[in-house]
$ cat input.cif   # mmCIF, N, CA and C atoms and all ligand atoms
data_query
#
loop_
_atom_site.label_atom_id
_atom_site.label_comp_id
_atom_site.auth_asym_id
_atom_site.auth_seq_id
_atom_site.Cartn_x
_atom_site.Cartn_y
_atom_site.Cartn_z
N MET A 1410 28.35 -1.54 -25.61
CA MET A 1410 27.34 -1.00 -26.51
C MET A 1410 26.95 0.40 -26.04
N ILE A 1411 27.04 1.37 -26.92
CA ILE A 1411 26.84 2.75 -26.55
C ILE A 1411 25.42 3.02 -26.05
N ALA A 1412 24.46 2.40 -26.70
CA ALA A 1412 23.08 2.67 -26.32
C ALA A 1412 22.85 2.38 -24.84
N ASP A 1413 23.52 1.34 -24.32
CA ASP A 1413 23.32 0.98 -22.92
C ASP A 1413 23.96 1.98 -21.98
N ALA A 1414 24.92 2.76 -22.49
CA ALA A 1414 25.65 3.68 -21.63
C ALA A 1414 25.00 5.05 -21.56
N ARG A 1415 23.99 5.29 -22.36
CA ARG A 1415 23.37 6.61 -22.36
C ARG A 1415 22.52 6.80 -21.11
N ARG A 1416 22.59 7.99 -20.58
CA ARG A 1416 21.81 8.33 -19.39
C ARG A 1416 20.66 9.24 -19.79
N SER A 1417 19.85 9.58 -18.85
CA SER A 1417 18.69 10.40 -19.17
C SER A 1417 19.06 11.80 -19.64
N CYS A 1418 20.28 12.25 -19.30
CA CYS A 1418 20.70 13.58 -19.75
C CYS A 1418 21.06 13.59 -21.22
N GLY A 1419 21.17 12.39 -21.84
CA GLY A 1419 21.48 12.31 -23.25
C GLY A 1419 22.97 12.23 -23.52
N HIS A 1420 23.79 12.46 -22.51
CA HIS A 1420 25.22 12.32 -22.69
C HIS A 1420 25.60 10.85 -22.57
N VAL A 1421 26.77 10.55 -23.04
CA VAL A 1421 27.27 9.18 -22.94
C VAL A 1421 28.14 9.09 -21.69
N ALA A 1422 27.83 8.18 -20.82
CA ALA A 1422 28.51 8.12 -19.54
C ALA A 1422 29.78 7.28 -19.57
N SER A 1423 29.93 6.38 -20.52
CA SER A 1423 31.12 5.54 -20.55
C SER A 1423 31.31 5.04 -21.96
N GLY A 1424 32.46 4.41 -22.16
CA GLY A 1424 32.74 3.87 -23.47
C GLY A 1424 33.59 4.84 -24.28
N ALA A 1425 33.85 4.46 -25.52
CA ALA A 1425 34.76 5.23 -26.36
C ALA A 1425 34.26 6.65 -26.61
N ASP A 1426 32.93 6.83 -26.63
CA ASP A 1426 32.37 8.16 -26.90
C ASP A 1426 32.00 8.90 -25.63
N ALA A 1427 32.56 8.49 -24.53
CA ALA A 1427 32.18 9.08 -23.25
C ALA A 1427 32.39 10.58 -23.23
N ASP A 1428 31.43 11.28 -22.67
CA ASP A 1428 31.50 12.74 -22.53
C ASP A 1428 32.10 13.04 -21.17
N PRO A 1429 33.29 13.63 -21.10
CA PRO A 1429 33.93 13.87 -19.80
C PRO A 1429 33.17 14.86 -18.94
N ALA A 1430 32.24 15.61 -19.55
CA ALA A 1430 31.49 16.60 -18.78
C ALA A 1430 30.31 15.98 -18.04
N CYS A 1431 30.10 14.71 -18.26
CA CYS A 1431 28.93 14.07 -17.66
C CYS A 1431 29.36 12.81 -16.94
N SER A 1432 29.00 12.70 -15.69
CA SER A 1432 29.32 11.51 -14.92
C SER A 1432 28.06 11.01 -14.25
N GLU A 1433 28.20 9.89 -13.57
CA GLU A 1433 27.05 9.33 -12.84
C GLU A 1433 26.49 10.35 -11.85
N ASP A 1434 27.39 11.22 -11.31
CA ASP A 1434 26.95 12.19 -10.31
C ASP A 1434 26.04 13.25 -10.90
N ASP A 1435 26.07 13.40 -12.24
CA ASP A 1435 25.25 14.44 -12.87
C ASP A 1435 23.79 14.03 -13.03
N VAL A 1436 23.53 12.76 -12.85
CA VAL A 1436 22.17 12.26 -13.07
C VAL A 1436 21.36 12.48 -11.80
N ASP A 1437 20.30 13.26 -11.93
CA ASP A 1437 19.44 13.50 -10.78
C ASP A 1437 18.79 12.21 -10.33
N PRO A 1438 18.82 11.94 -9.03
CA PRO A 1438 18.14 10.73 -8.57
C PRO A 1438 16.64 10.87 -8.78
N ILE A 1439 16.01 9.77 -9.13
CA ILE A 1439 14.56 9.78 -9.31
C ILE A 1439 13.92 9.74 -7.92
N PRO A 1440 13.15 10.77 -7.57
CA PRO A 1440 12.55 10.77 -6.23
C PRO A 1440 11.59 9.61 -6.04
N ALA A 1441 11.67 9.02 -4.87
CA ALA A 1441 10.77 7.90 -4.57
C ALA A 1441 9.34 8.42 -4.47
N ALA A 1442 8.42 7.65 -5.01
CA ALA A 1442 7.01 8.05 -4.93
C ALA A 1442 6.57 8.01 -3.47
N PRO A 1443 5.84 9.02 -3.03
CA PRO A 1443 5.38 9.02 -1.64
C PRO A 1443 4.41 7.88 -1.38
N VAL A 1444 4.49 7.35 -0.19
CA VAL A 1444 3.57 6.27 0.19
C VAL A 1444 2.30 6.91 0.74
N THR A 1445 1.24 6.78 0.02
CA THR A 1445 -0.05 7.30 0.49
C THR A 1445 -1.13 6.28 0.16
N CYS A 1446 -2.21 6.34 0.89
CA CYS A 1446 -3.33 5.44 0.62
C CYS A 1446 -3.96 5.77 -0.73
N GLU A 1447 -3.79 7.00 -1.21
CA GLU A 1447 -4.38 7.39 -2.49
C GLU A 1447 -3.70 6.68 -3.65
N THR A 1448 -2.47 6.21 -3.44
CA THR A 1448 -1.76 5.51 -4.50
C THR A 1448 -1.73 4.01 -4.24
N CYS A 1449 -2.66 3.53 -3.47
CA CYS A 1449 -2.67 2.13 -3.05
C CYS A 1449 -4.07 1.57 -3.26
N ALA A 1450 -4.13 0.34 -3.68
CA ALA A 1450 -5.42 -0.30 -3.91
C ALA A 1450 -5.93 -0.95 -2.62
N ALA A 1451 -5.92 -0.18 -1.55
CA ALA A 1451 -6.43 -0.65 -0.26
C ALA A 1451 -5.88 -2.03 0.08
N CYS A 1452 -4.57 -2.17 -0.10
CA CYS A 1452 -3.94 -3.49 0.09
C CYS A 1452 -4.17 -4.05 1.49
N CYS A 1453 -4.12 -3.19 2.50
CA CYS A 1453 -4.24 -3.70 3.87
C CYS A 1453 -5.68 -4.12 4.18
N CYS A 1454 -6.62 -3.75 3.36
CA CYS A 1454 -8.01 -4.14 3.59
C CYS A 1454 -8.30 -5.53 3.03
N ARG A 1455 -7.25 -6.24 2.64
CA ARG A 1455 -7.38 -7.65 2.27
C ARG A 1455 -6.85 -8.55 3.38
N LEU A 1456 -6.32 -7.93 4.42
CA LEU A 1456 -5.78 -8.71 5.53
C LEU A 1456 -6.89 -9.26 6.42
N GLU A 1457 -6.54 -10.27 7.19
CA GLU A 1457 -7.47 -10.76 8.21
C GLU A 1457 -7.50 -9.74 9.33
N VAL A 1458 -8.66 -9.23 9.65
CA VAL A 1458 -8.80 -8.18 10.67
C VAL A 1458 -9.65 -8.68 11.82
N TRP A 1459 -9.05 -8.80 12.96
CA TRP A 1459 -9.79 -9.21 14.15
C TRP A 1459 -10.40 -7.98 14.82
N CYS A 1460 -11.59 -8.14 15.31
CA CYS A 1460 -12.25 -7.07 16.07
C CYS A 1460 -11.97 -7.34 17.55
N LEU A 1461 -10.85 -6.83 18.01
CA LEU A 1461 -10.38 -7.14 19.36
C LEU A 1461 -11.13 -6.36 20.43
N THR A 1462 -11.61 -5.20 20.06
CA THR A 1462 -12.35 -4.36 21.00
C THR A 1462 -13.65 -3.93 20.33
N ASP A 1463 -14.57 -3.43 21.11
CA ASP A 1463 -15.84 -2.98 20.54
C ASP A 1463 -15.69 -1.53 20.07
N THR A 1464 -15.59 -1.38 18.77
CA THR A 1464 -15.49 -0.03 18.21
C THR A 1464 -16.77 0.35 17.47
N GLY A 1465 -17.75 -0.53 17.57
CA GLY A 1465 -19.03 -0.22 16.92
C GLY A 1465 -19.16 -0.73 15.51
N VAL A 1466 -18.34 -1.71 15.15
CA VAL A 1466 -18.45 -2.29 13.81
C VAL A 1466 -19.82 -2.97 13.68
N PRO A 1467 -20.59 -2.65 12.65
CA PRO A 1467 -21.88 -3.30 12.46
C PRO A 1467 -21.71 -4.81 12.34
N GLY A 1468 -22.55 -5.54 13.05
CA GLY A 1468 -22.42 -6.99 13.11
C GLY A 1468 -22.52 -7.68 11.77
N HIS A 1469 -23.29 -7.11 10.83
CA HIS A 1469 -23.46 -7.80 9.54
C HIS A 1469 -22.19 -7.75 8.69
N LEU A 1470 -21.18 -6.99 9.13
CA LEU A 1470 -19.92 -6.93 8.39
C LEU A 1470 -18.86 -7.84 8.99
N THR A 1471 -19.26 -8.60 10.01
CA THR A 1471 -18.29 -9.46 10.70
C THR A 1471 -18.70 -10.93 10.60
N VAL A 1472 -17.74 -11.78 10.87
CA VAL A 1472 -17.98 -13.22 10.96
C VAL A 1472 -17.26 -13.71 12.21
N MET A 1473 -17.61 -14.92 12.63
CA MET A 1473 -16.94 -15.51 13.79
C MET A 1473 -16.16 -16.73 13.30
N ASP A 1474 -14.91 -16.84 13.74
CA ASP A 1474 -14.13 -18.00 13.31
C ASP A 1474 -14.36 -19.18 14.23
N ASN A 1475 -13.68 -20.27 13.96
CA ASN A 1475 -13.90 -21.51 14.71
C ASN A 1475 -13.48 -21.40 16.17
N PHE A 1476 -12.74 -20.35 16.50
CA PHE A 1476 -12.29 -20.16 17.88
C PHE A 1476 -13.14 -19.13 18.62
N GLY A 1477 -14.21 -18.69 17.97
CA GLY A 1477 -15.11 -17.73 18.61
C GLY A 1477 -14.65 -16.29 18.51
N ARG A 1478 -13.65 -16.03 17.68
CA ARG A 1478 -13.18 -14.66 17.53
C ARG A 1478 -13.95 -13.96 16.41
N THR A 1479 -14.19 -12.68 16.62
CA THR A 1479 -14.92 -11.89 15.62
C THR A 1479 -13.92 -11.25 14.66
N LEU A 1480 -14.17 -11.44 13.39
CA LEU A 1480 -13.32 -10.88 12.34
C LEU A 1480 -14.18 -10.07 11.37
N MET A 1481 -13.52 -9.15 10.69
CA MET A 1481 -14.20 -8.48 9.58
C MET A 1481 -14.44 -9.51 8.49
N ASP A 1482 -15.62 -9.52 7.93
CA ASP A 1482 -15.94 -10.44 6.83
C ASP A 1482 -15.18 -9.97 5.59
N ARG A 1483 -14.76 -10.92 4.80
CA ARG A 1483 -14.14 -10.60 3.52
C ARG A 1483 -14.97 -11.24 2.42
N LEU A 1484 -15.18 -10.51 1.36
CA LEU A 1484 -16.01 -11.00 0.27
C LEU A 1484 -15.16 -11.79 -0.73
N ASP A 1485 -15.81 -12.31 -1.76
CA ASP A 1485 -15.12 -13.19 -2.70
C ASP A 1485 -13.93 -12.52 -3.39
N ASP A 1486 -13.94 -11.20 -3.50
CA ASP A 1486 -12.82 -10.51 -4.14
C ASP A 1486 -11.64 -10.31 -3.20
N GLY A 1487 -11.80 -10.76 -1.95
CA GLY A 1487 -10.69 -10.70 -0.99
C GLY A 1487 -10.69 -9.48 -0.11
N TRP A 1488 -11.45 -8.47 -0.48
CA TRP A 1488 -11.47 -7.25 0.31
C TRP A 1488 -12.47 -7.34 1.46
N CYS A 1489 -12.19 -6.56 2.47
CA CYS A 1489 -13.07 -6.44 3.63
C CYS A 1489 -14.48 -6.02 3.19
N ALA A 1490 -15.47 -6.54 3.89
CA ALA A 1490 -16.86 -6.24 3.55
C ALA A 1490 -17.19 -4.76 3.74
N ALA A 1491 -16.39 -4.06 4.54
CA ALA A 1491 -16.69 -2.65 4.81
C ALA A 1491 -16.06 -1.71 3.79
N LEU A 1492 -15.31 -2.24 2.84
CA LEU A 1492 -14.64 -1.38 1.87
C LEU A 1492 -15.58 -1.01 0.73
N ASP A 1493 -15.64 0.27 0.44
CA ASP A 1493 -16.40 0.73 -0.72
C ASP A 1493 -15.58 0.38 -1.97
N ARG A 1494 -16.12 -0.49 -2.79
CA ARG A 1494 -15.37 -0.98 -3.98
C ARG A 1494 -15.14 0.11 -5.02
N ASP A 1495 -15.95 1.12 -5.03
CA ASP A 1495 -15.79 2.17 -6.03
C ASP A 1495 -14.74 3.19 -5.62
N THR A 1496 -14.77 3.59 -4.36
CA THR A 1496 -13.83 4.62 -3.89
C THR A 1496 -12.61 4.04 -3.20
N LEU A 1497 -12.66 2.76 -2.85
CA LEU A 1497 -11.62 2.09 -2.06
C LEU A 1497 -11.42 2.78 -0.71
N LEU A 1498 -12.48 3.35 -0.19
CA LEU A 1498 -12.46 3.95 1.14
C LEU A 1498 -13.26 3.08 2.10
N CYS A 1499 -12.89 3.18 3.38
CA CYS A 1499 -13.59 2.44 4.41
C CYS A 1499 -14.95 3.08 4.67
N ARG A 1500 -16.00 2.28 4.61
CA ARG A 1500 -17.36 2.80 4.82
C ARG A 1500 -17.69 2.96 6.30
N ILE A 1501 -16.85 2.42 7.17
CA ILE A 1501 -17.11 2.53 8.61
C ILE A 1501 -15.89 3.13 9.30
N TYR A 1502 -15.31 4.12 8.69
CA TYR A 1502 -14.03 4.66 9.17
C TYR A 1502 -14.06 5.01 10.65
N ALA A 1503 -15.12 5.65 11.10
CA ALA A 1503 -15.20 6.06 12.52
C ALA A 1503 -15.36 4.87 13.46
N GLN A 1504 -15.85 3.75 12.90
CA GLN A 1504 -16.06 2.55 13.73
C GLN A 1504 -15.06 1.44 13.42
N ARG A 1505 -14.06 1.73 12.60
CA ARG A 1505 -13.15 0.66 12.15
C ARG A 1505 -12.44 0.02 13.34
N PRO A 1506 -12.08 -1.26 13.20
CA PRO A 1506 -11.44 -1.97 14.30
C PRO A 1506 -10.10 -1.36 14.70
N LEU A 1507 -9.70 -1.70 15.89
CA LEU A 1507 -8.43 -1.20 16.43
C LEU A 1507 -7.26 -1.55 15.51
N VAL A 1508 -7.28 -2.77 14.97
CA VAL A 1508 -6.19 -3.21 14.09
C VAL A 1508 -6.02 -2.23 12.93
N CYS A 1509 -7.12 -1.79 12.36
CA CYS A 1509 -7.07 -0.87 11.23
C CYS A 1509 -6.53 0.49 11.66
N ARG A 1510 -6.86 0.90 12.85
CA ARG A 1510 -6.38 2.20 13.35
C ARG A 1510 -4.88 2.18 13.57
N GLU A 1511 -4.37 1.02 13.94
CA GLU A 1511 -2.96 0.94 14.33
C GLU A 1511 -2.02 0.69 13.16
N LEU A 1512 -2.55 0.33 12.00
CA LEU A 1512 -1.68 0.11 10.85
C LEU A 1512 -1.37 1.46 10.20
N ALA A 1513 -0.17 1.94 10.44
CA ALA A 1513 0.20 3.28 9.97
C ALA A 1513 0.68 3.25 8.53
N VAL A 1514 0.32 4.29 7.80
CA VAL A 1514 0.82 4.44 6.43
C VAL A 1514 2.34 4.53 6.47
N GLY A 1515 2.99 3.75 5.63
CA GLY A 1515 4.45 3.76 5.57
C GLY A 1515 5.12 2.85 6.57
N SER A 1516 4.34 2.21 7.42
CA SER A 1516 4.93 1.28 8.40
C SER A 1516 5.41 0.03 7.67
N PRO A 1517 6.24 -0.77 8.32
CA PRO A 1517 6.70 -2.01 7.67
C PRO A 1517 5.54 -2.89 7.22
N GLU A 1518 4.47 -2.93 8.00
CA GLU A 1518 3.32 -3.76 7.62
C GLU A 1518 2.65 -3.20 6.36
N CYS A 1519 2.52 -1.89 6.32
CA CYS A 1519 1.94 -1.23 5.15
C CYS A 1519 2.78 -1.50 3.91
N LEU A 1520 4.09 -1.31 4.02
CA LEU A 1520 4.97 -1.48 2.87
C LEU A 1520 4.96 -2.94 2.41
N ALA A 1521 4.86 -3.85 3.37
CA ALA A 1521 4.83 -5.26 3.00
C ALA A 1521 3.59 -5.59 2.19
N GLU A 1522 2.48 -4.99 2.56
CA GLU A 1522 1.24 -5.25 1.83
C GLU A 1522 1.25 -4.63 0.45
N ARG A 1523 1.92 -3.49 0.34
CA ARG A 1523 1.96 -2.81 -0.96
C ARG A 1523 2.91 -3.46 -1.94
N SER A 1524 3.85 -4.26 -1.45
CA SER A 1524 4.90 -4.80 -2.34
C SER A 1524 4.37 -5.97 -3.17
S1 LIG A 1601 -2.18 1.94 5.03
FE1 LIG A 1601 -0.69 1.28 3.51
S2 LIG A 1601 -1.46 -0.69 2.71
FE2 LIG A 1601 -3.15 0.34 3.76
S3 LIG A 1601 -4.26 1.47 2.15
FE3 LIG A 1601 -2.79 2.90 3.09
S4 LIG A 1601 -0.95 2.73 1.82
FE4 LIG A 1601 -2.23 0.93 1.37
S1 LIG A 1602 -12.72 -1.99 8.50
FE1 LIG A 1602 -12.25 -0.42 7.00
S2 LIG A 1602 -10.06 0.03 7.27
FE2 LIG A 1602 -10.49 -1.95 8.28
S3 LIG A 1602 -10.05 -3.53 6.74
FE3 LIG A 1602 -12.22 -3.03 6.59
S4 LIG A 1602 -12.37 -1.46 5.01
FE4 LIG A 1602 -10.23 -1.56 5.66
#

$ encode --input "input.cif" --output "structure tokens"
Amino acid sequence: MIADARRSCGHVASGADADPACSEDDVDPIPAAPVTCETCAACCCRLEVWCLTDTGVPGHLTVMDNFGRTLMDRLDDGWCAALDRDTLLCRIYAQRPLVCRELAVGSPECLAERS
């Protein structure tokens, strides 16, 4: 079917009406969208975040689990209690837990959360 063989350049890439001047190599690859927090719905802020060290996280934003470990509280929508729901920015960025500091943009963990 010819319609399926048309490429973005408008030429026909294969089939009886194929244009010999146009091949698969002529089609510009679509650049991958950059991975940035600005294009992400704060996916990693839905993860379980342990407060392993004292970084100054306000106590009212944390909970303690059954094993006595301190975690960031998560609200009913699944996001961390410290996340600003309007801006999707961390409200305690300077005091955020070590785990949050170590999760790098574009890392395997980041990409896994975004997928
Ligand atoms: S670090 Fe990754 S998962 Fe977290 S907000 Fe930024 S892009 Fe999203
Ligand atoms: S402390 Fe900040 S960076 Fe860490 S999960 Fe909560 S909102 Fe996200």

$ residues_near_ligand --input "input.cif" --ligand "ligand LIG 1601 (chain A)" --cutoff "6 Å" --atoms "only C-alpha atoms and all ligand atoms" --output "VMD selection string"
chain A and resid 1444 to 1446 1449 1451 to 1453 1513 to 1514 1519 1522 to 1523

$ closest_residue --input "input.cif" --among "A:Val1466, A:Val1508, A:Ala1442, A:Cys1499" --to "ligand LIG 1602 (chain A)" --atoms "only C-alpha atoms and all ligand atoms"
A:Cys1499

$ atom_distance --input "input.cif" --atom1 "atom CA of A:Asn1475" --atom2 "atom CA of A:Ala1491"
21.5 Å

$ closest_residue --input "input.cif" --among "A:Gln1504, A:Thr1464, A:Thr1496, A:Thr1448" --to "ligand LIG 1602 (chain A)" --atoms "only N, CA and C atoms and all ligand atoms"
A:Gln1504

$ closest_residue --input "input.cif" --among "A:Cys1454, A:Leu1497, A:Leu1507, A:Ala1490" --to "A:Thr1471" --atoms "all atoms listed in the file"
A:Ala1490

$ atom_distance --input "input.cif" --atom1 "atom CA of A:Leu1498" --atom2 "atom S4 of ligand LIG 1602 (chain A)"
6.7 Å

$ closest_residue --input "input.cif" --among "A:Cys1489, A:Ala1503, A:Leu1512, A:Leu1480" --to "ligand LIG 1602 (chain A)" --atoms "only N, CA and C atoms and all ligand atoms"
A:Cys1489
